[in-house]
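K.L.:
I'd like to ask you about the structure that follows.
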Amino acid sequence: MTKTTFPLIGRRAFALALGLLASAALATDASAGTTYPLMLENCGHKVVIDHAPTRVVSVGQAQTEILYALGLGDRVVASALWFGPVAKPYEAVNAGVKRLADNDPSFEAVVGQEPDLVVAMYEWHIGPNGIIGKRDRFDAVKVPVYVSPTDCVGKDNTGAGDGVRTQMYSTELLYRNIREYGAIFDVSERAEALVASLKAREEAAARTLARLKGRDVSMALWFSSKDIKGDAFLAGKNGVPAYVMAQLGARNIITTEEEWPLVGWETIAANDPDVLVLVKMDRRRFPADDIEAKLNFLKTDPVASQLSAVKNGRIVIVDVGATRPGMDTVDGIEAIAKAVQGFGLVN
């Protein structure tokens with residue numbers, strides 16, 4: 001989570017357009033079935049899938065839950081990187097899946113499961129600076145890797161930290177992810193049904209706050225802080241939370257492209273958001289991961305306690321999943337829309 005910024009890279013913009021075309025093609029051919037070997041462009045790399053995978057290691061809760069939602073839980077032999085409990089509909093299937101680590105598994109632990117596919121939620125696990133390994137390390141042992149396009153299209157991960165989004169996140173990248181899983185596992189009809197369901201929910205939530213657009217209602221989303229009294233990790237202007245705000249017609253007070261910039265509370269107070277969104281999670285990496293610690297700080301800190309959102313009770317608590325590029329993004333849109341309706345900001 002650094003403050004380094006990067007210019008827009010032309011090949012990534014091209015990759016976004018190429019990916020959207022590929023996603024549309026997959027949607028059109030949903031009933032045709034997959035012909036193997038299947039070749040996909042994935043985060044600037046060519047991935048070849050020789051057969052429908054049967055031994056998958058999934059690094060990232062959002063990716064794991066997508067596989068479960070597609071009825072592919074019996075293909076997942078191990079998982080890692082969990083921010084909270086598995087979604088209730090998948091508790092039974094998840095109970096039978098080995099957990100390699102709550103956070104970061106080793107390369108040896110991953111390949112030790114003898115996978116015929118490894119999927120990852122973030123490039124900081126498998127990518128240019130992958131802490132599990134770079135792609136060429138997996139290539140050397142002939143294990144194909146798929147990284148979610150939600151983390152690499154329109155985003156530069158070559159620097160340190162969580163990367164820089166050069167383009168606004170869109171759930172179209174999530175839908176591309178789901179459709180590509182449909183093709184990889186030859187379950188495209190299931191993928192299309194899941195996409196249709198998520199789209200319908202997203203559109204319905206956005207309609208509930210259609211009147212908010214044009215009212216210049218401002219928001220900020222506080223993820224965590226290294227020190228409860230220190231600077232806060234707020235959602236940058238192009239990430240998942242920013243997309244949620246945009247869908248609901250609200251303005252993000254943060255204008256930097258960094259994914260999670262550190263922002264001082266004096267700066268937050270100067271921008272004085274109308275609504276403050278707080279993230280709840282099970283992770284305890286930082287003191288402010290604890291939602292009760294966040295709430296207590298807002299009540300007692302001499303600067304934060306004077307924010308309009310705090311004084312007027314315009315605080316929304318969302319699950320950490322709402323900040324990730326997965327199916328929970330739609331949950332976040334619904335939760336924030338419902339809360340804002342009760343704040344008197346929409347006539």
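Chain lettering (A, B, ...) mirrors the order of the structure tokens, residue numbering begins at 1 for each chain separately, and ligand numbering begins at 1 in order of display.
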Name the residues of segment 32-232 of chain A that come out as helix (DSSP H, G or I) in a backbone DSSP run; write them as a ChimeraX atom specification.
P.N.:
/A:61-69,73-75,88-95,107-111,135-140,149-151,171-184,188-208,210-212
K.L.:
With a cut-off of 12 Å, could you pull out the residues of segment 75-173 of chain A touching segment 179-189 of chain A and give me the nearest pair of atoms for each, distance in Å to one decimal, using only C-alpha atoms, ordered by chain and ascending number, as JSON lines?
P.N.:
```
{"residue": "A:Arg75", "atom": "CA", "partner": "A:Phe185", "partner_atom": "CA", "distance": 9.5}
{"residue": "A:Val76", "atom": "CA", "partner": "A:Phe185", "partner_atom": "CA", "distance": 11.9}
{"residue": "A:Asp116", "atom": "CA", "partner": "A:Ile184", "partner_atom": "CA", "distance": 11.7}
{"residue": "A:Leu117", "atom": "CA", "partner": "A:Ile184", "partner_atom": "CA", "distance": 9.9}
{"residue": "A:Val119", "atom": "CA", "partner": "A:Tyr181", "partner_atom": "CA", "distance": 10.0}
{"residue": "A:Pro144", "atom": "CA", "partner": "A:Ile184", "partner_atom": "CA", "distance": 11.4}
{"residue": "A:Val145", "atom": "CA", "partner": "A:Ile184", "partner_atom": "CA", "distance": 11.6}
{"residue": "A:Tyr146", "atom": "CA", "partner": "A:Tyr181", "partner_atom": "CA", "distance": 9.4}
{"residue": "A:Val147", "atom": "CA", "partner": "A:Glu180", "partner_atom": "CA", "distance": 11.0}
{"residue": "A:Ser148", "atom": "CA", "partner": "A:Glu180", "partner_atom": "CA", "distance": 9.6}
{"residue": "A:Pro149", "atom": "CA", "partner": "A:Glu180", "partner_atom": "CA", "distance": 9.8}
{"residue": "A:Glu172", "atom": "CA", "partner": "A:Arg179", "partner_atom": "CA", "distance": 10.3}
{"residue": "A:Leu173", "atom": "CA", "partner": "A:Arg179", "partner_atom": "CA", "distance": 9.8}
```
K.L.:
For the selection just defined, write its residues with N, CA and C atoms to a file, as an mmCIF file, in the first residue's frame.
P.N.:
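Printed below is selection-v3.cif as written:
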```cif
data_model
loop_
_atom_site.group_PDB
_atom_site.id
_atom_site.type_symbol
_atom_site.label_atom_id
_atom_site.label_comp_id
_atom_site.auth_asym_id
_atom_site.auth_seq_id
_atom_site.Cartn_x
_atom_site.Cartn_y
_atom_site.Cartn_z
ATOM 1 N N ARG A 75 -14.109 -29.890 -7.613
ATOM 2 C CA ARG A 75 -12.845 -29.769 -8.357
ATOM 3 C C ARG A 75 -11.768 -29.049 -7.534
ATOM 4 N N VAL A 76 -12.172 -28.363 -6.472
ATOM 5 C CA VAL A 76 -11.236 -27.569 -5.671
ATOM 6 C C VAL A 76 -10.615 -28.461 -4.596
ATOM 7 N N ASP A 116 -4.005 -29.358 -11.515
ATOM 8 C CA ASP A 116 -3.939 -29.192 -12.967
ATOM 9 C C ASP A 116 -4.401 -27.779 -13.360
ATOM 10 N N LEU A 117 -4.676 -26.944 -12.346
ATOM 11 C CA LEU A 117 -4.936 -25.519 -12.549
ATOM 12 C C LEU A 117 -4.804 -24.819 -11.207
ATOM 13 N N VAL A 119 -5.716 -21.035 -9.610
ATOM 14 C CA VAL A 119 -6.373 -19.751 -9.864
ATOM 15 C C VAL A 119 -6.041 -18.814 -8.712
ATOM 16 N N PRO A 144 -0.781 -24.746 -15.281
ATOM 17 C CA PRO A 144 -1.367 -23.509 -15.793
ATOM 18 C C PRO A 144 -1.929 -22.644 -14.666
ATOM 19 N N VAL A 145 -1.840 -21.336 -14.848
ATOM 20 C CA VAL A 145 -2.300 -20.370 -13.855
ATOM 21 C C VAL A 145 -3.306 -19.422 -14.494
ATOM 22 N N TYR A 146 -4.396 -19.179 -13.781
ATOM 23 C CA TYR A 146 -5.396 -18.183 -14.197
ATOM 24 C C TYR A 146 -5.527 -17.167 -13.073
ATOM 25 N N VAL A 147 -5.240 -15.893 -13.372
ATOM 26 C CA VAL A 147 -5.416 -14.808 -12.412
ATOM 27 C C VAL A 147 -6.624 -13.993 -12.835
ATOM 28 N N SER A 148 -7.459 -13.645 -11.886
ATOM 29 C CA SER A 148 -8.684 -12.930 -12.223
ATOM 30 C C SER A 148 -8.398 -11.638 -12.980
ATOM 31 N N PRO A 149 -9.073 -11.415 -14.106
ATOM 32 C CA PRO A 149 -8.895 -10.155 -14.843
ATOM 33 C C PRO A 149 -9.320 -8.940 -14.026
ATOM 34 N N GLU A 172 -18.104 -5.777 -15.179
ATOM 35 C CA GLU A 172 -17.933 -6.494 -16.444
ATOM 36 C C GLU A 172 -16.692 -7.378 -16.396
ATOM 37 N N LEU A 173 -15.684 -6.956 -15.617
ATOM 38 C CA LEU A 173 -14.489 -7.792 -15.453
ATOM 39 C C LEU A 173 -14.803 -9.038 -14.631
#
```
K.L.:
Go through segment 236-342 of chain A and flag each residue having an atom no more than 9 Å from segment 79-101 of chain A; for those, report the closest pair of atoms plus their distance in Å to one decimal, using only C-alpha atoms, ordered by chain and rising number, as JSON lines.
P.N.:
```
{"residue": "A:Met281", "atom": "CA", "partner": "A:Gly84", "partner_atom": "CA", "distance": 6.0}
{"residue": "A:Asp282", "atom": "CA", "partner": "A:Gly84", "partner_atom": "CA", "distance": 5.1}
{"residue": "A:Arg283", "atom": "CA", "partner": "A:Phe83", "partner_atom": "CA", "distance": 5.6}
{"residue": "A:Asp319", "atom": "CA", "partner": "A:Gly84", "partner_atom": "CA", "distance": 8.5}
{"residue": "A:Val320", "atom": "CA", "partner": "A:Phe83", "partner_atom": "CA", "distance": 7.1}
{"residue": "A:Gly321", "atom": "CA", "partner": "A:Phe83", "partner_atom": "CA", "distance": 7.9}
```
K.L.:
Let me see the file: selected residues, N, CA, C and O atoms, as a tab-separated table (two decimals), in the first residue's frame.
P.N.:
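The resulting again_35.tsv:
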```tsv
chain	number	residue	atom	x	y	z
A	281	MET	N	-14.27	-7.09	9.03
A	281	MET	CA	-13.56	-8.29	8.57
A	281	MET	C	-13.10	-9.12	9.74
A	281	MET	O	-13.03	-8.63	10.88
A	282	ASP	N	-12.75	-10.38	9.49
A	282	ASP	CA	-12.20	-11.25	10.51
A	282	ASP	C	-10.68	-11.10	10.61
A	282	ASP	O	-10.08	-11.43	11.63
A	283	ARG	N	-10.06	-10.63	9.52
A	283	ARG	CA	-8.61	-10.47	9.52
A	283	ARG	C	-8.17	-9.55	10.66
A	283	ARG	O	-8.86	-8.58	10.98
A	319	ASP	N	-19.44	-5.78	4.85
A	319	ASP	CA	-18.49	-6.89	4.94
A	319	ASP	C	-17.33	-6.63	3.99
A	319	ASP	O	-17.49	-5.99	2.95
A	320	VAL	N	-16.16	-7.13	4.35
A	320	VAL	CA	-14.97	-6.93	3.53
A	320	VAL	C	-15.17	-7.39	2.09
A	320	VAL	O	-14.56	-6.86	1.15
A	321	GLY	N	-16.07	-8.37	1.90
A	321	GLY	CA	-16.32	-8.86	0.55
A	321	GLY	C	-16.80	-7.78	-0.40
A	321	GLY	O	-16.56	-7.84	-1.61
```
K.L.:
Can you pull out the residues contacting Tyr122 of chain A? Cut-off 12 Å, using only C-alpha atoms, and skip same-chain residues under 3 positions away; I want them as a VMD selection string.
P.N.:
chain A and resid 43 58 to 63 80 to 81 104 119 125 to 134 145 to 153 155 to 157 161 to 163 324 to 326
K.L.:
Ranking A:Ile228, A:Val143, A:Ile336, A:Val118 by minimum distance to Asn296 of chain A and counting only C-alpha atoms, which one comes first?
P.N.:
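For Asn296 of chain A, the nearest of the candidates is A:Ile228.
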K.L.:
Could you tell me which of A:Glu334, A:Glu266, A:Asp328, A:Glu259 comes closest to Gly154 of chain A if we count only C-alpha atoms?
P.N.:
A:Glu259
K.L.:
Hey, which of A:Ile333, A:Ile315, A:Ala69, A:Ala204 ends up closest to Val277 of chain A? Count only C-alpha atoms.
P.N.:
A:Ile315
K.L.:
Please indicate the distance in Å from atom CA of Gly239 of chain A to atom CA of Ala206 of chain A, rounded to one decimal place.
P.N.:
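So the answer is 17.6 Å.
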K.L.:
Pick out the residues sitting within 8 Å of Tyr36 of chain A, and hand them over as a list in words; count only C-alpha atoms, and ignore anything fewer than 4 positions along from it in its own chain.
P.N.:
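Surrounding residues, per the criterion: Ile49, Asp50 and His51 of chain A.
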K.L.:
Residues near Ala309 of chain A, anyone? I mean within 7 Å using only C-alpha atoms, not counting same-chain ones fewer than 2 positions away, as a list in words.
P.N.:
Pro273, Asp274, Val275, Leu276, Leu307, Lys311, Asn312, Gly313, Arg314 and Ile315 of chain A
K.L.:
For the residues in that selection, give me N, CA, C and O atoms as a CSV table (one decimal), in the first residue's frame.
P.N.:
```csv
chain,number,residue,atom,x,y,z
A,273,PRO,N,-16.9,13.8,4.1
A,273,PRO,CA,-17.9,13.1,3.4
A,273,PRO,C,-19.3,13.0,4.0
A,273,PRO,O,-19.4,13.0,5.3
A,274,ASP,N,-20.3,13.0,3.2
A,274,ASP,CA,-21.7,12.9,3.7
A,274,ASP,C,-21.9,11.5,4.4
A,274,ASP,O,-22.7,11.4,5.3
A,275,VAL,N,-21.3,10.5,3.8
A,275,VAL,CA,-21.5,9.1,4.2
A,275,VAL,C,-20.1,8.5,4.4
A,275,VAL,O,-19.2,8.6,3.5
A,276,LEU,N,-19.9,7.8,5.5
A,276,LEU,CA,-18.7,7.1,5.8
A,276,LEU,C,-19.0,5.6,5.8
A,276,LEU,O,-19.8,5.1,6.6
A,307,LEU,N,-16.7,14.8,12.1
A,307,LEU,CA,-17.1,14.6,10.7
A,307,LEU,C,-18.7,14.6,10.7
A,307,LEU,O,-19.3,14.1,11.5
A,311,LYS,N,-21.3,12.7,13.2
A,311,LYS,CA,-22.3,13.5,14.0
A,311,LYS,C,-23.7,13.2,13.6
A,311,LYS,O,-24.6,13.2,14.5
A,312,ASN,N,-24.0,12.9,12.4
A,312,ASN,CA,-25.3,12.6,11.9
A,312,ASN,C,-25.7,11.2,11.8
A,312,ASN,O,-26.8,10.8,11.3
A,313,GLY,N,-24.8,10.3,12.2
A,313,GLY,CA,-25.1,8.9,12.2
A,313,GLY,C,-25.2,8.3,10.8
A,313,GLY,O,-25.8,7.3,10.5
A,314,ARG,N,-24.5,8.9,9.8
A,314,ARG,CA,-24.5,8.4,8.4
A,314,ARG,C,-23.3,7.5,8.2
A,314,ARG,O,-22.4,7.8,7.4
A,315,ILE,N,-23.3,6.4,8.9
A,315,ILE,CA,-22.2,5.4,8.8
A,315,ILE,C,-22.8,4.1,8.4
A,315,ILE,O,-23.8,3.6,8.9
```
